[in-house]
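File shown: protein.txt. Contents: compact mmCIF, C-alpha atoms.
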# COMPACT_ATOMS: atom_id res chain seq x y z
CA MET C 1 -2.58 3.50 -17.20
CA GLN C 2 -3.99 0.68 -15.10
CA VAL C 3 -6.17 1.70 -12.13
CA ASP C 4 -6.89 -0.76 -9.31
CA ARG C 5 -9.91 0.23 -7.20
CA GLY C 6 -10.17 -3.06 -5.33
CA THR C 7 -13.63 -3.57 -3.87
CA TYR C 8 -14.22 0.20 -3.60
CA ALA C 9 -15.30 1.05 -7.15
CA ASP C 10 -17.83 3.63 -5.92
CA ALA C 11 -15.56 5.39 -3.43
CA ARG C 12 -14.84 9.05 -4.24
CA THR C 13 -11.24 10.18 -3.87
CA PRO C 14 -9.09 13.03 -5.22
CA TRP C 15 -8.09 10.72 -8.07
CA ASP C 16 -11.45 11.51 -9.66
CA ASP C 17 -10.58 15.22 -9.76
CA LEU C 18 -8.65 15.87 -12.98
CA GLU C 19 -7.12 19.09 -11.64
CA TRP C 20 -5.88 17.33 -8.51
CA ARG C 21 -4.48 14.52 -10.62
CA ALA C 22 -2.63 16.93 -12.90
CA SER C 23 -1.22 18.78 -9.88
CA ALA C 24 -0.04 15.56 -8.24
CA PHE C 25 1.62 14.33 -11.43
CA ALA C 26 3.28 17.71 -11.96
CA TRP C 27 4.71 17.54 -8.43
CA VAL C 28 6.11 14.05 -8.97
CA GLU C 29 7.54 14.98 -12.36
CA ALA C 30 9.26 18.00 -10.83
CA GLN C 31 10.82 15.82 -8.14
CA MET C 32 12.04 13.31 -10.71
CA ALA C 33 13.51 16.09 -12.85
CA ALA C 34 15.34 17.54 -9.85
CA LEU C 35 16.87 14.12 -9.20
CA GLY C 36 17.84 13.68 -12.86
CA TRP C 37 15.48 10.78 -13.47
CA GLN C 38 13.45 10.17 -16.62
CA GLU C 39 10.21 8.23 -16.67
CA ARG C 40 10.55 4.98 -18.62
CA GLY C 41 7.40 2.94 -18.21
CA PRO C 42 3.65 2.92 -17.70
CA ARG C 43 2.09 4.18 -14.49
CA TRP C 44 0.04 1.97 -12.22
CA VAL C 45 -2.52 3.38 -9.80
CA ARG C 46 -4.15 1.97 -6.66
CA VAL C 47 -7.17 3.90 -5.37
CA ARG C 48 -8.62 3.23 -1.94
CA PRO C 49 -10.84 5.30 0.40
CA TRP C 50 -7.77 5.86 2.61
CA SER C 51 -5.03 6.58 0.02
CA VAL C 52 -4.10 7.07 -3.60
CA ILE C 53 -0.88 5.37 -4.69
CA VAL C 54 0.82 5.69 -8.08
CA ARG C 55 3.82 3.65 -9.23
CA PHE C 56 6.31 5.32 -11.55
CA GLU C 57 9.09 3.61 -13.52
CA VAL C 58 12.45 5.34 -13.98
CA GLY C 59 14.55 2.22 -14.53
CA TRP C 60 13.42 1.28 -11.02
CA ARG C 61 10.19 1.88 -9.17
CA LEU C 62 9.09 5.01 -7.33
CA TRP C 63 5.88 5.31 -5.33
CA PHE C 64 3.73 8.39 -4.90
CA LYS C 65 1.28 8.33 -1.99
CA ALA C 66 -1.50 10.79 -1.18
CA ASN C 67 -3.23 10.65 2.20
CA PRO C 68 -6.64 12.00 3.28
CA PRO C 69 -6.70 15.02 5.60
CA ALA C 70 -7.04 12.84 8.72
CA SER C 71 -3.82 10.97 7.92
CA ARG C 72 -2.01 13.78 6.09
CA PHE C 73 0.58 13.65 8.85
CA GLU C 74 2.06 10.49 7.30
CA ALA C 75 4.21 12.44 4.84
CA GLY C 76 5.93 14.47 7.55
CA LEU C 77 6.07 11.46 9.87
CA THR C 78 7.84 9.37 7.23
CA GLU C 79 10.43 12.10 6.77
CA ALA C 80 10.97 12.46 10.52
CA LEU C 81 11.28 8.71 11.09
CA ALA C 82 13.98 8.49 8.44
CA GLY C 83 16.01 10.93 10.50
CA TRP C 84 15.31 9.47 13.93
CA ALA C 85 15.37 5.76 13.09
CA PRO C 86 17.29 5.08 9.86
CA GLY C 87 17.39 1.41 9.00
CA HIS C 88 13.87 0.80 10.30
CA VAL C 89 11.86 2.80 7.75
CA LEU C 90 11.87 4.09 4.18
CA THR C 91 13.68 7.35 3.45
CA PRO C 92 11.44 9.44 1.17
CA TYR C 93 12.80 11.19 -1.90
CA ALA C 94 10.42 14.08 -1.31
CA VAL C 95 7.41 15.02 0.82
CA ASP C 96 4.80 17.75 0.75
CA SER C 97 3.53 17.65 4.31
CA THR C 98 0.92 20.34 3.65
CA ARG C 99 -0.80 18.26 1.01
CA GLY C 100 0.05 14.87 2.51
CA TRP C 101 2.09 13.72 -0.47
CA SER C 102 5.15 11.48 -0.43
CA LEU C 103 7.51 10.16 -3.09
CA LEU C 104 9.07 6.96 -1.81
CA PRO C 105 11.60 4.37 -2.92
CA ASP C 106 10.61 0.80 -3.63
CA GLY C 107 11.07 -1.32 -0.52
CA GLY C 108 11.20 -4.66 -2.28
CA SER C 109 9.03 -7.64 -1.42
CA ILE C 110 6.67 -7.60 1.53
CA LEU C 111 6.88 -10.20 4.28
CA ARG C 112 3.55 -11.68 3.20
CA GLN C 113 5.25 -13.01 0.08
CA TYR C 114 7.59 -15.15 2.19
CA PRO C 115 5.39 -17.33 4.39
CA GLY C 116 6.56 -20.37 6.28
CA ASP C 117 9.06 -19.22 8.90
CA GLU C 118 7.17 -18.21 12.01
CA ARG C 119 10.44 -17.39 13.78
CA ALA C 120 10.75 -14.39 11.49
CA TRP C 121 7.85 -12.85 13.40
CA GLU C 122 9.87 -12.92 16.60
CA GLN C 123 12.58 -10.92 14.82
CA VAL C 124 9.93 -8.53 13.47
CA VAL C 125 8.44 -7.68 16.86
CA SER C 126 11.84 -7.41 18.54
CA GLN C 127 13.09 -4.93 15.94
CA TYR C 128 9.79 -3.03 16.07
CA ALA C 129 10.10 -2.72 19.86
CA GLU C 130 13.57 -1.23 19.41
CA LEU C 131 12.12 1.29 16.97
CA GLN C 132 9.46 2.29 19.48
CA ARG C 133 12.05 2.63 22.26
CA THR C 134 14.09 4.91 20.00
CA LEU C 135 11.04 7.13 19.49
CA VAL C 136 10.04 7.55 23.16
CA PRO C 137 11.96 10.85 23.51
CA HIS C 138 10.20 12.19 20.40
CA ALA C 139 6.57 11.77 21.56
CA ASP C 140 5.90 15.51 21.79
CA GLU C 141 7.56 16.10 18.41
CA LEU C 142 5.41 13.39 16.86
CA VAL C 143 2.26 15.11 18.10
CA ALA C 144 3.60 18.44 16.78
CA ILE C 145 4.04 16.85 13.34
CA GLY C 146 0.35 16.02 13.43
CA VAL C 147 0.36 12.38 14.48
CA PRO C 148 -2.90 11.85 16.41
CA ASP C 149 -2.49 12.14 20.16
CA ALA C 150 -3.87 9.01 21.79
CA ARG C 151 -1.64 8.97 24.84
CA LEU C 152 -2.84 6.89 27.72
CA ALA C 153 -4.07 9.86 29.75
CA ILE C 154 -6.60 10.87 27.09
CA LEU C 155 -7.56 7.43 25.79
CA PRO C 156 -10.85 7.34 27.78
CA THR C 157 -11.87 10.68 26.22
CA ILE C 158 -11.10 9.32 22.75
CA PHE C 159 -13.19 6.25 23.56
CA ASP C 160 -16.12 8.43 24.64
CA LYS C 161 -16.00 10.58 21.51
CA THR C 162 -15.71 7.58 19.19
CA VAL C 163 -18.65 5.78 20.79
CA ALA C 164 -20.79 8.92 20.69
CA ALA C 165 -20.08 9.57 17.00
CA ASN C 166 -20.61 6.02 15.75
CA GLN C 167 -23.97 5.53 14.03
CA SER C 168 -23.87 1.74 13.77
CA LEU C 169 -23.88 0.87 17.45
CA GLN C 170 -27.18 -0.57 18.60
CA PRO C 171 -28.70 0.31 22.00
CA ALA C 172 -27.56 -3.03 23.41
CA ASP C 173 -24.03 -2.35 22.15
CA ARG C 174 -23.98 1.08 23.78
CA LYS C 175 -25.12 -0.47 27.04
CA VAL C 176 -22.20 -2.93 26.89
CA LEU C 177 -19.72 -0.12 26.25
CA ASP C 178 -21.20 2.14 28.93
CA GLU C 179 -20.87 -0.66 31.47
CA LEU C 180 -17.33 -1.33 30.30
CA ARG C 181 -16.11 2.24 30.79
CA PRO C 182 -15.24 1.99 34.53
CA ARG C 183 -13.08 -1.05 33.76
CA LEU C 184 -11.43 0.85 30.90
CA LEU C 185 -10.45 3.59 33.37
CA ASP C 186 -8.99 0.97 35.70
CA TRP C 187 -7.01 -0.59 32.84
CA CYS C 188 -5.56 2.78 31.86
CA ASP C 189 -4.62 3.61 35.47
CA GLU C 190 -2.98 0.23 36.02
CA LEU C 191 -1.11 0.41 32.73
CA ALA C 192 0.14 3.92 33.49
CA ALA C 193 1.40 2.77 36.90
CA ILE C 194 3.66 0.16 35.29
CA GLY C 195 5.61 3.06 33.82
CA ILE C 196 6.12 2.36 30.11
CA THR C 197 6.19 5.73 28.36
CA ASP C 198 4.00 6.51 25.35
CA SER C 199 5.60 6.22 21.92
CA LEU C 200 4.55 5.68 18.30
CA ASP C 201 1.95 2.99 17.70
CA HIS C 202 1.75 1.86 14.08
CA ALA C 203 -1.75 0.51 14.90
CA ASP C 204 -1.94 -1.72 11.82
CA LEU C 205 1.36 -3.60 11.70
CA HIS C 206 1.00 -6.85 9.77
CA ASP C 207 2.87 -8.77 7.08
CA GLY C 208 1.52 -6.46 4.36
CA GLN C 209 3.12 -3.42 6.04
CA ILE C 210 6.61 -4.91 6.49
CA PHE C 211 9.23 -5.31 3.80
CA ALA C 212 11.18 -8.57 3.77
CA PRO C 213 14.53 -8.26 5.52
CA VAL C 214 17.66 -6.91 3.89
CA ASP C 215 20.86 -7.69 5.81
CA GLY C 216 18.72 -9.16 8.56
CA ARG C 217 16.62 -6.04 9.11
CA PHE C 218 12.95 -5.43 8.36
CA THR C 219 11.54 -2.14 7.07
CA PHE C 220 8.23 -0.86 8.45
CA PHE C 221 5.96 1.32 6.32
CA ASP C 222 2.41 2.61 5.80
CA TRP C 223 1.98 4.80 8.89
CA GLY C 224 -1.44 6.28 8.05
CA ASP C 225 -3.17 4.57 11.01
CA ALA C 226 -0.49 5.56 13.51
CA ALA C 227 -0.94 7.42 16.78
CA VAL C 228 1.13 8.46 19.76
CA SER C 229 -0.11 6.01 22.36
CA HIS C 230 1.03 3.24 24.65
CA PRO C 231 3.51 1.30 22.51
CA PHE C 232 2.20 -2.11 23.57
CA CYS C 233 -1.13 -1.39 21.83
CA SER C 234 0.65 -2.39 18.62
CA LEU C 235 0.65 -6.03 19.69
CA LEU C 236 -3.06 -6.45 19.01
CA VAL C 237 -2.99 -6.34 15.20
CA THR C 238 0.46 -7.88 14.80
CA ALA C 239 -0.17 -10.90 17.00
CA ARG C 240 -3.66 -11.49 15.58
CA HIS C 241 -2.30 -11.54 12.03
CA ALA C 242 0.53 -13.90 12.92
CA ALA C 243 -1.93 -16.19 14.74
CA GLY C 244 -4.05 -16.27 11.61
CA SER C 245 -1.17 -17.95 9.80
CA TYR C 246 0.41 -20.03 12.57
CA GLY C 247 -2.26 -20.51 15.22
CA ASP C 248 -2.79 -18.95 18.64
CA GLY C 249 0.24 -20.79 20.03
CA ILE C 250 2.51 -18.20 18.45
CA ILE C 251 1.05 -15.33 20.49
CA PRO C 252 2.91 -15.93 23.79
CA ARG C 253 6.21 -16.30 21.91
CA LEU C 254 5.63 -13.07 20.00
CA ARG C 255 4.61 -11.28 23.18
CA ASP C 256 7.80 -12.27 24.99
CA ALA C 257 10.02 -11.54 21.97
CA TYR C 258 8.45 -8.09 21.77
CA LEU C 259 8.77 -7.44 25.51
CA GLU C 260 12.39 -8.54 25.88
CA PRO C 261 13.89 -5.21 24.65
CA TRP C 262 11.76 -3.36 27.22
CA THR C 263 13.43 -5.24 30.10
CA ALA C 264 16.46 -2.98 29.50
CA ASP C 265 14.53 -0.24 31.31
CA GLY C 266 14.50 -2.28 34.52
CA HIS C 267 11.02 -3.76 34.15
CA THR C 268 10.49 -7.43 34.94
CA LEU C 269 8.98 -9.80 32.42
CA PRO C 270 5.92 -10.57 34.62
CA GLU C 271 4.98 -6.88 34.93
CA LEU C 272 5.58 -6.35 31.23
CA ARG C 273 3.31 -9.29 30.45
CA ARG C 274 0.60 -7.67 32.55
CA ALA C 275 1.11 -4.40 30.69
CA ALA C 276 0.85 -6.24 27.37
CA SER C 277 -2.42 -7.86 28.45
CA LEU C 278 -3.90 -4.46 29.32
CA ALA C 279 -2.67 -2.78 26.13
CA TRP C 280 -3.92 -5.74 24.08
CA ARG C 281 -7.45 -4.68 25.03
CA LEU C 282 -6.90 -0.94 24.70
CA GLY C 283 -5.43 -1.34 21.21
CA SER C 284 -8.99 -1.84 19.95
CA ILE C 285 -9.65 1.87 20.49
CA GLY C 286 -6.88 2.86 18.09
CA ARG C 287 -8.17 0.44 15.46
CA ALA C 288 -11.69 1.83 15.84
CA VAL C 289 -10.50 5.43 15.45
CA SER C 290 -8.44 4.65 12.35
CA TRP C 291 -11.60 3.78 10.40
CA GLY C 292 -12.41 7.49 10.40
CA ARG C 293 -9.32 8.36 8.35
CA LEU C 294 -10.87 8.23 4.90
CA PHE C 295 -11.12 10.81 2.16
CA PRO C 296 -14.01 13.17 2.97
CA ASP C 297 -17.25 12.14 1.25
CA ALA C 298 -15.67 8.89 0.05
CA PHE C 299 -19.05 7.26 0.60
CA ASP C 300 -22.66 8.34 0.96
CA GLY C 301 -23.28 7.77 4.64
CA PRO C 302 -21.20 6.09 7.35
CA LEU C 303 -20.46 2.94 5.34
CA LEU C 304 -17.53 1.85 7.50
CA ASP C 305 -19.07 2.70 10.89
CA GLY C 306 -19.80 -1.00 11.24
CA ASP C 307 -16.09 -1.83 11.14
CA GLN C 308 -15.46 0.82 13.77
CA ALA C 309 -18.25 -0.53 15.97
CA GLU C 310 -16.82 -4.04 15.68
CA TRP C 311 -13.46 -2.88 17.04
CA LEU C 312 -15.08 -0.95 19.87
CA LEU C 313 -16.96 -4.06 20.96
CA LYS C 314 -13.75 -6.08 20.92
CA LEU C 315 -12.79 -4.15 24.05
CA ALA C 316 -15.30 -6.25 25.92
CA GLU C 317 -14.38 -9.48 24.14
CA GLN C 318 -10.58 -9.59 24.00
CA PRO C 319 -9.19 -12.35 26.25
CA PRO C 320 -5.95 -11.64 28.11
CA ILE C 321 -2.84 -12.14 25.98
Please lay out the structure from this file as structure tokens.
Amino acid sequence: MQVDRGTYADARTPWDDLEWRASAFAWVEAQMAALGWQERGPRWVRVRPWSVIVRFEVGWRLWFKANPPASRFEAGLTEALAGWAPGHVLTPYAVDSTRGWSLLPDGGSILRQYPGDERAWEQVVSQYAELQRTLVPHADELVAIGVPDARLAILPTIFDKTVAANQSLQPADRKVLDELRPRLLDWCDELAAIGITDSLDHADLHDGQIFAPVDGRFTFFDWGDAAVSHPFCSLLVTARHAAGSYGDGIIPRLRDAYLEPWTADGHTLPELRRAASLAWRLGSIGRAVSWGRLFPDAFDGPLLDGDQAEWLLKLAEQPPI
């Protein structure tokens, strides 16, 4: 059985617990038996501080995923999304929401394996916006499932708690963030006044989290960084990744392709562009928070606090989109 630990050879995860491993395998085997499937090939394992993934072969590929406690909600979220937004997401074969386990179908090739057509990104963001619009009525249900609540009204409180807990910020950094806070409050108030309702924010949507299209539709997956927040916060990661491949000139086109579905609610494109510019900054908070969703005791000390601090400081650095 091949085990890929990436650059995190020293990270401690449940994979290192033989009893946990036996329990997880027994669960998967029971699900396969219930579906009438027989294992037919070697297992492959990917271990990271934020997930354990195992590939099973039954004549086709199945994927088991285990989340840490802070992102355990992903199992139940994946199941709920399959009911609310079929065609946009994977439909799991089985989930154990208590343990944060999912058994998922193979989604095919990821978008990253098909570079070259930057227009595909406009289709990606347009379809993703439609998914978010579909989920607006389910915001309270998403929070009840366990998806972190980062709605606009409480985003300043989340910012305060994240800054206070981070051990990598230097005194000069804290001064910058303290001075930024009044502007953050103004951004939140202005964004709220525009009237776009909170929805699901994937918070890490890039070409490694999107399956290549089938029948013209993309499939979005890997929701462990998600939160219920202002939907436009999603633009930060997505646009930055696309710009890394095609240059900053793609960002305005992606922004407008993403915003076009939201005009159906009566909002004008100029006010939506302003909302996108505000959310582009605030999206850094969600990225900072997501660095805390690791397996407990994965490292000795706050090894990834530096990554979190970097995203917090981007609040002061992000230019308008």
**Request:** Quick one: everything within 9 Å of range 14-19 of chain C, counting all atoms listed in the file, minus sequence neighbours fewer than 3 positions away in the same chain. Send it as a count of residues only.
**Result:** 8
**Asked** Leaving out Gly249 in chain C and any residue of its chain fewer than 4 positions from it, which residues lie within 12 Å of it when counting all atoms listed in the file, given as a list in words?
**Response**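 Result of the neighbour search: Glu118, Ala239, Arg240, Ala242, Ala243, Gly244, Ser245, Arg253, Leu254, Arg255 and Ile321 of chain C.
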Residues near range 172-174 of chain C, cut-off 12 Å, all atoms listed in the file, skip fewer than 5 positions along chain, as an mmCIF file with C-alpha atoms, in the coordinates of the input:
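Result saved to out10.cif:
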data_model
loop_
_atom_site.group_PDB
_atom_site.id
_atom_site.type_symbol
_atom_site.label_atom_id
_atom_site.label_comp_id
_atom_site.auth_asym_id
_atom_site.auth_seq_id
_atom_site.Cartn_x
_atom_site.Cartn_y
_atom_site.Cartn_z
ATOM 1 C CA PHE C 159 -13.190 6.250 23.560
ATOM 2 C CA ASP C 160 -16.120 8.430 24.640
ATOM 3 C CA THR C 162 -15.710 7.580 19.190
ATOM 4 C CA VAL C 163 -18.650 5.780 20.790
ATOM 5 C CA ALA C 164 -20.790 8.920 20.690
ATOM 6 C CA ALA C 165 -20.080 9.570 17.000
ATOM 7 C CA ASN C 166 -20.610 6.020 15.750
ATOM 8 C CA GLN C 167 -23.970 5.530 14.030
ATOM 9 C CA GLU C 179 -20.870 -0.660 31.470
ATOM 10 C CA LEU C 180 -17.330 -1.330 30.300
ATOM 11 C CA ARG C 181 -16.110 2.240 30.790
ATOM 12 C CA GLY C 306 -19.800 -1.000 11.240
ATOM 13 C CA ALA C 309 -18.250 -0.530 15.970
ATOM 14 C CA GLU C 310 -16.820 -4.040 15.680
ATOM 15 C CA TRP C 311 -13.460 -2.880 17.040
ATOM 16 C CA LEU C 312 -15.080 -0.950 19.870
ATOM 17 C CA LEU C 313 -16.960 -4.060 20.960
ATOM 18 C CA LYS C 314 -13.750 -6.080 20.920
ATOM 19 C CA LEU C 315 -12.790 -4.150 24.050
ATOM 20 C CA ALA C 316 -15.300 -6.250 25.920
#
**Asked** What is the distance, in Å and to one decimal place, between CA of Ile145 in chain C and CA of Arg133 in chain C?
**Response**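 CA of Arg133 in chain C lies 18.6 Å from CA of Ile145 in chain C.
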**Complete:** From CA of Lys175 in chain C to CA of Glu317 in chain C the spacing works out at 14.3 Å
**Prompt:** Could you pull the residues within 12 Å of Asp96 in chain C, counting all atoms listed in the file, minus those fewer than 3 positions along the same chain, as an MDAnalysis selection string?
**Reply:** chainID C and resid 24 27:28 31 64:67 72:79 92:93 99:104
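With all atoms listed in the file taken into account, every residue lying no more than 10 Å from the file point (11.5, 7.3, -13.7) is included here: Val28, Glu29, Met32, Ala33, Leu35, Gly36, Trp37, Gln38, Glu39, Arg40, Gly41, Pro42, Arg43, Arg55, Phe56, Glu57, Val58, Gly59, Trp60, Arg61 and Leu62 of chain C.
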**Asked** Of the residues C:Asp204, C:Asp149, C:Asp307, C:Glu141, which is the one nearest to Trp223 in chain C, using all atoms listed in the file?
**Response**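 Among the listed residues, the smallest separation from Trp223 in chain C belongs to C:Asp204.
Residues in contact with Ala288 in chain C at up to 6 Å, not including ones fewer than 2 positions away on its chain and judged by only C-alpha atoms, are Ile285, Gly286, Ser290, Trp291, Gln308, Trp311 and Leu312 of chain C.
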**Complete:** A straight line from CA of Glu190 in chain C to CA of Ala279 in chain C spans 10.3 Å
**Message:** Between C:Ser71, C:Gly195, C:Leu155, C:Tyr128, which residue has the minimum interatomic distance to Asp265 in chain C, considering only C-alpha atoms?
**Reply:**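 Nearest to Asp265 in chain C: C:Gly195.
Closest approach to Asp207 in chain C from the set C:Val45, C:Leu111, C:Ala144, C:Ala257 is made by C:Leu111, with distances taken over all atoms listed in the file.
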Mind giving me the axis-aligned box for range 262-269 of chain C with 8 Å on every side, centre plus edges in Å to one decimal, as lines of an AutoDock Vina configuration file?
center_x = 12.7
center_y = -5.0
center_z = 31.1
size_x = 23.5
size_y = 25.6
size_z = 23.7
**Spatial sel., origin (10.0, -8.1, 18.7), limit 8 Å, only C-alpha atoms, listed as a ChimeraX atom specification** = /C:121-130,254-261
